[in-house]
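Chemist: Enclosed is the structure file coords-v6.pdb (PDB, C-alpha atoms).
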ATOM      1  CA  MET A 143      -7.725   5.254 -19.415
ATOM      2  CA  ILE A 144      -9.231   5.472 -15.932
ATOM      3  CA  GLU A 145     -12.696   3.923 -15.740
ATOM      4  CA  GLY A 146     -15.347   6.537 -16.417
ATOM      5  CA  SER A 147     -12.900   9.294 -17.304
ATOM      6  CA  ARG A 148     -14.767  10.194 -20.492
ATOM      7  CA  ALA A 149     -18.261  10.558 -19.009
ATOM      8  CA  HIS A 150     -18.327  12.482 -15.768
ATOM      9  CA  PRO A 151     -20.309  15.363 -14.359
ATOM     10  CA  PRO A 152     -18.791  18.811 -14.843
ATOM     11  CA  LEU A 153     -16.458  19.497 -11.943
ATOM     12  CA  GLY A 154     -13.651  21.898 -11.274
ATOM     13  CA  LYS A 155     -10.217  20.590 -12.237
ATOM     14  CA  ARG A 156      -9.135  20.072  -8.637
ATOM     15  CA  GLU A 157     -12.280  18.127  -7.743
ATOM     16  CA  ARG A 158     -12.089  16.000 -10.894
ATOM     17  CA  LEU A 159      -8.424  15.173 -10.249
ATOM     18  CA  LYS A 160      -9.313  14.204  -6.690
ATOM     19  CA  GLU A 161     -11.918  11.773  -8.078
ATOM     20  CA  ILE A 162      -9.332  10.227 -10.399
ATOM     21  CA  ILE A 163      -6.771   9.875  -7.617
ATOM     22  CA  ARG A 164      -9.344   8.306  -5.308
ATOM     23  CA  ALA A 165     -10.476   5.819  -7.987
ATOM     24  CA  ALA A 166      -7.106   4.883  -9.486
ATOM     25  CA  SER A 167      -4.300   5.750  -7.085
ATOM     26  CA  LEU A 168      -5.527   5.355  -3.505
ATOM     27  CA  LEU A 169      -4.924   1.781  -2.411
ATOM     28  CA  HIS A 170      -6.419   0.319   0.770
ATOM     29  CA  GLU A 171      -5.817  -3.405   0.258
ATOM     30  CA  GLY A 172      -2.823  -4.584   2.256
ATOM     31  CA  GLU A 173       0.090  -3.223   4.232
ATOM     32  CA  PHE A 174       2.491  -0.843   2.488
ATOM     33  CA  ARG A 175       6.078   0.151   3.332
ATOM     34  CA  LEU A 176       6.631   3.871   2.670
ATOM     35  CA  ALA A 177       9.873   5.570   1.601
ATOM     36  CA  SER A 178      10.172   6.789   5.194
ATOM     37  CA  GLY A 179      10.369   3.152   6.329
ATOM     38  CA  VAL A 180       7.014   3.298   8.131
ATOM     39  CA  SER A 181       4.212   0.823   7.345
ATOM     40  CA  SER A 182       0.769   2.068   6.357
ATOM     41  CA  ASN A 183      -2.607   0.517   5.609
ATOM     42  CA  TYR A 184      -3.117   2.899   2.663
ATOM     43  CA  PHE A 185      -0.908   3.994  -0.219
ATOM     44  CA  PHE A 186      -1.077   6.648  -2.938
ATOM     45  CA  ASP A 187       0.193   5.094  -6.194
ATOM     46  CA  LEU A 188       0.083   8.305  -8.206
ATOM     47  CA  LYS A 189       1.757   6.801 -11.251
ATOM     48  CA  LYS A 190      -1.659   5.430 -12.220
ATOM     49  CA  THR A 191      -3.003   9.001 -12.262
ATOM     50  CA  MET A 192       0.113  10.540 -13.851
ATOM     51  CA  PHE A 193      -0.061   8.179 -16.833
ATOM     52  CA  ASP A 194      -3.805   8.510 -17.393
ATOM     53  CA  PRO A 195      -4.472  11.088 -20.153
ATOM     54  CA  GLU A 196      -7.056  13.059 -18.179
ATOM     55  CA  GLY A 197      -5.136  12.763 -14.915
ATOM     56  CA  ALA A 198      -1.949  13.926 -16.637
ATOM     57  CA  ALA A 199      -3.663  16.963 -18.169
ATOM     58  CA  LEU A 200      -5.239  17.956 -14.852
ATOM     59  CA  LEU A 201      -1.971  17.501 -12.957
ATOM     60  CA  ALA A 202      -0.143  19.629 -15.542
ATOM     61  CA  ASP A 203      -2.630  22.497 -15.229
ATOM     62  CA  LEU A 204      -2.969  22.423 -11.444
ATOM     63  CA  LEU A 205       0.747  22.059 -10.688
ATOM     64  CA  PHE A 206       1.702  24.702 -13.243
ATOM     65  CA  ASN A 207      -0.720  27.083 -11.514
ATOM     66  CA  MET A 208       1.198  26.469  -8.265
ATOM     67  CA  VAL A 209       4.491  27.631  -9.827
ATOM     68  CA  LYS A 210       3.721  30.081 -12.630
ATOM     69  CA  GLU A 211       3.890  33.201 -10.432
ATOM     70  CA  GLU A 212       7.194  32.202  -8.830
ATOM     71  CA  GLU A 213      10.515  33.689  -9.915
ATOM     72  CA  VAL A 214      11.889  30.417 -11.223
ATOM     73  CA  GLY A 215      13.107  29.001 -14.488
ATOM     74  CA  PHE A 216      13.464  25.369 -13.485
ATOM     75  CA  ILE A 217      11.344  22.545 -12.125
ATOM     76  CA  GLY A 218      12.829  19.301 -10.825
ATOM     77  CA  GLY A 219      12.638  16.438  -8.397
ATOM     78  CA  LEU A 220      13.899  13.039  -7.333
ATOM     79  CA  GLU A 221      13.545  10.027  -9.609
ATOM     80  CA  THR A 222      11.213   8.289 -10.305
ATOM     81  CA  GLY A 223       8.048   9.831  -8.917
ATOM     82  CA  ALA A 224       8.940  13.372  -9.923
ATOM     83  CA  ILE A 225       9.985  12.599 -13.507
ATOM     84  CA  PRO A 226       6.486  12.434 -15.033
ATOM     85  CA  LEU A 227       5.409  15.501 -13.042
ATOM     86  CA  VAL A 228       8.430  17.524 -14.152
ATOM     87  CA  THR A 229       7.752  16.539 -17.757
ATOM     88  CA  LEU A 230       4.071  17.475 -17.511
ATOM     89  CA  ILE A 231       4.841  20.871 -15.970
ATOM     90  CA  CYS A 232       7.582  21.646 -18.526
ATOM     91  CA  ARG A 233       5.210  20.879 -21.377
ATOM     92  CA  ARG A 234       2.367  22.871 -19.828
ATOM     93  CA  SER A 235       4.644  25.858 -19.164
ATOM     94  CA  TRP A 236       5.241  26.507 -22.864
ATOM     95  CA  PRO A 237       4.779  29.218 -24.116
ATOM     96  CA  GLU A 238       3.195  31.027 -21.134
ATOM     97  CA  LYS A 239       6.176  30.756 -18.789
ATOM     98  CA  PRO A 240       8.770  28.293 -20.097
ATOM     99  CA  LEU A 241      10.240  26.145 -17.339
ATOM    100  CA  SER A 242      13.148  23.796 -17.964
ATOM    101  CA  GLY A 243      13.256  20.500 -16.131
ATOM    102  CA  PHE A 244      15.662  18.173 -14.409
ATOM    103  CA  PHE A 245      15.648  15.161 -12.151
ATOM    104  CA  VAL A 246      17.972  13.942  -9.443
ATOM    105  CA  ARG A 247      19.188  10.357  -9.515
ATOM    106  CA  LYS A 248      19.044   8.364  -6.297
ATOM    107  CA  GLU A 249      22.363   6.826  -7.339
ATOM    108  CA  LYS A 250      24.787   7.716 -10.096
ATOM    109  CA  LYS A 251      24.733   5.293 -13.043
ATOM    110  CA  GLY A 252      28.462   4.636 -13.119
ATOM    111  CA  HIS A 253      28.624   5.257 -16.879
ATOM    112  CA  GLY A 254      27.885   7.968 -19.416
ATOM    113  CA  THR A 255      28.088  11.405 -17.807
ATOM    114  CA  ASP A 256      27.657   9.835 -14.345
ATOM    115  CA  ARG A 257      25.762  12.916 -13.152
ATOM    116  CA  ALA A 258      23.501  13.048 -10.130
ATOM    117  CA  VAL A 259      21.418  15.781 -11.793
ATOM    118  CA  GLU A 260      20.071  15.068 -15.303
ATOM    119  CA  GLY A 261      18.331  17.510 -17.608
ATOM    120  CA  LEU A 262      18.479  21.291 -17.503
ATOM    121  CA  LEU A 263      19.557  23.202 -14.391
ATOM    122  CA  ALA A 264      21.600  26.403 -14.136
ATOM    123  CA  ALA A 265      23.533  27.642 -11.120
ATOM    124  CA  GLY A 266      22.130  30.704  -9.396
ATOM    125  CA  LYS A 267      18.627  30.250 -10.791
ATOM    126  CA  GLY A 268      15.360  29.736  -8.940
ATOM    127  CA  VAL A 269      13.977  26.216  -8.734
ATOM    128  CA  VAL A 270      10.744  24.582  -7.606
ATOM    129  CA  LEU A 271      11.038  20.943  -6.602
ATOM    130  CA  VAL A 272       8.063  18.652  -7.069
ATOM    131  CA  GLU A 273       7.113  15.337  -5.523
ATOM    132  CA  ASP A 274       4.192  13.000  -6.090
ATOM    133  CA  VAL A 275       3.541  11.951  -2.476
ATOM    134  CA  THR A 276       5.249  13.404   0.580
ATOM    135  CA  THR A 277       5.517  11.673   3.942
ATOM    136  CA  THR A 278       8.420  13.080   5.961
ATOM    137  CA  GLY A 279      10.025  14.949   3.065
ATOM    138  CA  GLY A 280      13.201  12.870   3.049
ATOM    139  CA  SER A 281      13.060  12.110  -0.684
ATOM    140  CA  ALA A 282      12.451  15.739  -1.577
ATOM    141  CA  MET A 283      15.303  16.799   0.719
ATOM    142  CA  ALA A 284      17.667  14.568  -1.282
ATOM    143  CA  ALA A 285      16.630  16.535  -4.388
ATOM    144  CA  VAL A 286      17.007  19.841  -2.495
ATOM    145  CA  GLU A 287      20.560  18.953  -1.474
ATOM    146  CA  ALA A 288      21.572  17.863  -4.990
ATOM    147  CA  ALA A 289      20.080  20.998  -6.576
ATOM    148  CA  ARG A 290      21.838  23.177  -4.016
ATOM    149  CA  ARG A 291      25.158  21.432  -4.757
ATOM    150  CA  ALA A 292      24.551  22.340  -8.411
ATOM    151  CA  GLY A 293      24.187  25.985  -7.339
ATOM    152  CA  ALA A 294      20.400  26.307  -7.583
ATOM    153  CA  ARG A 295      18.270  28.492  -5.322
ATOM    154  CA  ILE A 296      15.284  26.500  -4.027
ATOM    155  CA  VAL A 297      12.156  28.658  -4.018
ATOM    156  CA  LYS A 298       9.731  26.022  -2.746
ATOM    157  CA  VAL A 299       8.798  22.360  -2.725
ATOM    158  CA  ILE A 300       5.382  21.255  -3.974
ATOM    159  CA  THR A 301       3.668  17.893  -3.758
ATOM    160  CA  VAL A 302       0.531  16.372  -5.166
ATOM    161  CA  VAL A 303      -0.409  14.664  -1.881
ATOM    162  CA  ASP A 304       0.990  15.388   1.578
ATOM    163  CA  ARG A 305       0.389  12.456   3.932
ATOM    164  CA  LEU A 306       0.711  14.903   6.887
ATOM    165  CA  GLU A 307       3.449  12.855   8.530
ATOM    166  CA  GLY A 308       6.059  15.533   9.187
ATOM    167  CA  ALA A 309       7.137  16.919   5.799
ATOM    168  CA  ALA A 310       5.843  20.455   6.410
ATOM    169  CA  GLU A 311       7.654  20.673   9.733
ATOM    170  CA  ASN A 312      10.867  19.219   8.292
ATOM    171  CA  PHE A 313      10.854  21.661   5.371
ATOM    172  CA  ALA A 314      10.128  24.583   7.725
ATOM    173  CA  ARG A 315      13.185  23.620   9.806
ATOM    174  CA  GLU A 316      15.232  23.873   6.603
ATOM    175  CA  GLY A 317      13.732  27.262   5.741
ATOM    176  CA  LEU A 318      11.862  25.878   2.716
ATOM    177  CA  ARG A 319       8.357  26.838   1.612
ATOM    178  CA  PHE A 320       6.128  23.821   1.091
ATOM    179  CA  GLU A 321       2.751  23.537  -0.623
ATOM    180  CA  ALA A 322       0.506  20.557  -1.258
ATOM    181  CA  LEU A 323      -2.214  20.284  -3.877
ATOM    182  CA  TYR A 324      -3.978  17.829  -1.532
ATOM    183  CA  THR A 325      -3.462  16.311   1.880
ATOM    184  CA  ARG A 326      -4.562  12.878   3.035
ATOM    185  CA  ARG A 327      -7.539  14.602   4.707
ATOM    186  CA  ASP A 328      -8.910  15.374   1.239
ATOM    187  CA  PHE A 329      -9.354  11.625   0.743
ATOM    188  CA  THR A 330     -10.894  10.607   4.091
TER     189      THR A 330
END
Could you express the structure from this file as structure tokens?

Modeler:
Amino acid sequence: MIEGSRAHPPLGKRERLKEIIRAASLLHEGEFRLASGVSSNYFFDLKKTMFDPEGAALLADLLFNMVKEEEVGFIGGLETGAIPLVTLICRRSWPEKPLSGFFVRKEKKGHGTDRAVEGLLAAGKGVVLVEDVTTTGGSAMAAVEAARRAGARIVKVITVVDRLEGAAENFAREGLRFEALYTRRDFT
């Protein structure tokens, strides 16, 4: 459990989640290589927040609120960062607006079903793709392309934290709606 997560002043869910992310998931010590290939002096390791009980509950509520009014039946994303988020949103969606989940493999396993898309996804249906941290959007675009190949209609892409390093512009060029729960500016 994140230090101090039991005793904290009453805050809104978004503000409390921001506190948890800042305390547990925002790293400043060292130089970090991002998925985009760029180096950075800070890094959001959101797995520490996703696997904290309070962080997980807050993420589930806040991300579900970002998708519950959309005409979608599926939530998905690229392994591994999206898997816990997809699971949290699927669980939170029941029974209010049941959303089925899937994830996209970066590489096929070479055994079993050898699918790129695992879980539940139906052709012709609306999908929201989720990502933990977005830099340029390249990882999310891999999920977009795989979901499209499976016949899905992408409604929007959402992220927990947008690093403001080109993702919004790249998604706009592809005609995709993009929303972030937070941007890096929320943590400066």

Chemist: Report as a ChimeraX atom specification all protein, DNA and RNA residues lying within 12 Å of region 286-297 of chain A, evaluated on only C-alpha atoms, omitting residues in the same chain fewer than 3 positions from it.

Modeler: /A:208-209,211-220,243-250,257-273,279-283,300,313,316-321

Chemist: How would the residues just picked look written out with C-alpha atoms as a CSV table (one decimal), in the coordinates of the input?

Modeler:
chain,number,residue,atom,x,y,z
A,208,MET,CA,1.2,26.5,-8.3
A,209,VAL,CA,4.5,27.6,-9.8
A,211,GLU,CA,3.9,33.2,-10.4
A,212,GLU,CA,7.2,32.2,-8.8
A,213,GLU,CA,10.5,33.7,-9.9
A,214,VAL,CA,11.9,30.4,-11.2
A,215,GLY,CA,13.1,29.0,-14.5
A,216,PHE,CA,13.5,25.4,-13.5
A,217,ILE,CA,11.3,22.5,-12.1
A,218,GLY,CA,12.8,19.3,-10.8
A,219,GLY,CA,12.6,16.4,-8.4
A,220,LEU,CA,13.9,13.0,-7.3
A,243,GLY,CA,13.3,20.5,-16.1
A,244,PHE,CA,15.7,18.2,-14.4
A,245,PHE,CA,15.6,15.2,-12.2
A,246,VAL,CA,18.0,13.9,-9.4
A,247,ARG,CA,19.2,10.4,-9.5
A,248,LYS,CA,19.0,8.4,-6.3
A,249,GLU,CA,22.4,6.8,-7.3
A,250,LYS,CA,24.8,7.7,-10.1
A,257,ARG,CA,25.8,12.9,-13.2
A,258,ALA,CA,23.5,13.0,-10.1
A,259,VAL,CA,21.4,15.8,-11.8
A,260,GLU,CA,20.1,15.1,-15.3
A,261,GLY,CA,18.3,17.5,-17.6
A,262,LEU,CA,18.5,21.3,-17.5
A,263,LEU,CA,19.6,23.2,-14.4
A,264,ALA,CA,21.6,26.4,-14.1
A,265,ALA,CA,23.5,27.6,-11.1
A,266,GLY,CA,22.1,30.7,-9.4
A,267,LYS,CA,18.6,30.2,-10.8
A,268,GLY,CA,15.4,29.7,-8.9
A,269,VAL,CA,14.0,26.2,-8.7
A,270,VAL,CA,10.7,24.6,-7.6
A,271,LEU,CA,11.0,20.9,-6.6
A,272,VAL,CA,8.1,18.7,-7.1
A,273,GLU,CA,7.1,15.3,-5.5
A,279,GLY,CA,10.0,14.9,3.1
A,280,GLY,CA,13.2,12.9,3.0
A,281,SER,CA,13.1,12.1,-0.7
A,282,ALA,CA,12.5,15.7,-1.6
A,283,MET,CA,15.3,16.8,0.7
A,300,ILE,CA,5.4,21.3,-4.0
A,313,PHE,CA,10.9,21.7,5.4
A,316,GLU,CA,15.2,23.9,6.6
A,317,GLY,CA,13.7,27.3,5.7
A,318,LEU,CA,11.9,25.9,2.7
A,319,ARG,CA,8.4,26.8,1.6
A,320,PHE,CA,6.1,23.8,1.1
A,321,GLU,CA,2.8,23.5,-0.6

Chemist: Rounded to one decimal place, report the CA of Asp328 (chain A)-CA of Leu159 (chain A) distance in Å.

Modeler: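 Distance reported for this atom pair: 11.5 Å.
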
Chemist: So how far away is CA of Asp274 (chain A) from CA of Gly223 (chain A), in Å?

Modeler: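 Computing it gives 5.7 Å between the two atoms.
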
Chemist: Go ahead and compute the interatomic distance for CA of Ala199 (chain A) and CA of Leu227 (chain A), in Å to one decimal.

Modeler: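 Separation between CA of Ala199 (chain A) and CA of Leu227 (chain A): 10.5 Å.
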
Chemist: Apply the PyMOL selection byres ((chain A and resi 278) around 10) to the file shown and report the selected residues as a list in words.

Modeler: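 Answer for the PyMOL selection byres ((chain A and resi 278) around 10): Leu176, Ala177, Ser178, Val275, Thr276, Thr277, Gly279, Gly280, Ser281, Ala282, Met283, Asp304, Arg305, Leu306, Glu307, Gly308, Ala309, Ala310, Glu311, Asn312 and Phe313 of chain A.
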
Chemist: My list of candidates is A:Lys189, A:Arg326, A:Arg315, A:Lys160. Which is closest to Ala224 (chain A) when distances are computed with only C-alpha atoms?

Modeler: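 Of all the options, A:Lys189 lies closest to Ala224 (chain A).
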
Chemist: For this structure, which residues satisfy the selection - the PyMOL selection byres ((chain A and resi 193) around 12) - when it is evaluated on the file as given? I want them as a PDB file with C-alpha atoms, in the frame of the given file.

Modeler:
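Written output follows (result.pdb):
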ATOM      1  CA  MET A 143      -7.725   5.254 -19.415  1.00  0.00           C
ATOM      2  CA  ILE A 144      -9.231   5.472 -15.932  1.00  0.00           C
ATOM      3  CA  ILE A 162      -9.332  10.227 -10.399  1.00  0.00           C
ATOM      4  CA  ILE A 163      -6.771   9.875  -7.617  1.00  0.00           C
ATOM      5  CA  ALA A 166      -7.106   4.883  -9.486  1.00  0.00           C
ATOM      6  CA  SER A 167      -4.300   5.750  -7.085  1.00  0.00           C
ATOM      7  CA  ASP A 187       0.193   5.094  -6.194  1.00  0.00           C
ATOM      8  CA  LEU A 188       0.083   8.305  -8.206  1.00  0.00           C
ATOM      9  CA  LYS A 189       1.757   6.801 -11.251  1.00  0.00           C
ATOM     10  CA  LYS A 190      -1.659   5.430 -12.220  1.00  0.00           C
ATOM     11  CA  THR A 191      -3.003   9.001 -12.262  1.00  0.00           C
ATOM     12  CA  MET A 192       0.113  10.540 -13.851  1.00  0.00           C
ATOM     13  CA  ASP A 194      -3.805   8.510 -17.393  1.00  0.00           C
ATOM     14  CA  PRO A 195      -4.472  11.088 -20.153  1.00  0.00           C
ATOM     15  CA  GLU A 196      -7.056  13.059 -18.179  1.00  0.00           C
ATOM     16  CA  GLY A 197      -5.136  12.763 -14.915  1.00  0.00           C
ATOM     17  CA  ALA A 198      -1.949  13.926 -16.637  1.00  0.00           C
ATOM     18  CA  ALA A 199      -3.663  16.963 -18.169  1.00  0.00           C
ATOM     19  CA  LEU A 200      -5.239  17.956 -14.852  1.00  0.00           C
ATOM     20  CA  LEU A 201      -1.971  17.501 -12.957  1.00  0.00           C
ATOM     21  CA  ALA A 202      -0.143  19.629 -15.542  1.00  0.00           C
ATOM     22  CA  GLY A 223       8.048   9.831  -8.917  1.00  0.00           C
ATOM     23  CA  ILE A 225       9.985  12.599 -13.507  1.00  0.00           C
ATOM     24  CA  PRO A 226       6.486  12.434 -15.033  1.00  0.00           C
ATOM     25  CA  LEU A 227       5.409  15.501 -13.042  1.00  0.00           C
ATOM     26  CA  THR A 229       7.752  16.539 -17.757  1.00  0.00           C
ATOM     27  CA  LEU A 230       4.071  17.475 -17.511  1.00  0.00           C
TER      28      LEU A 230
END
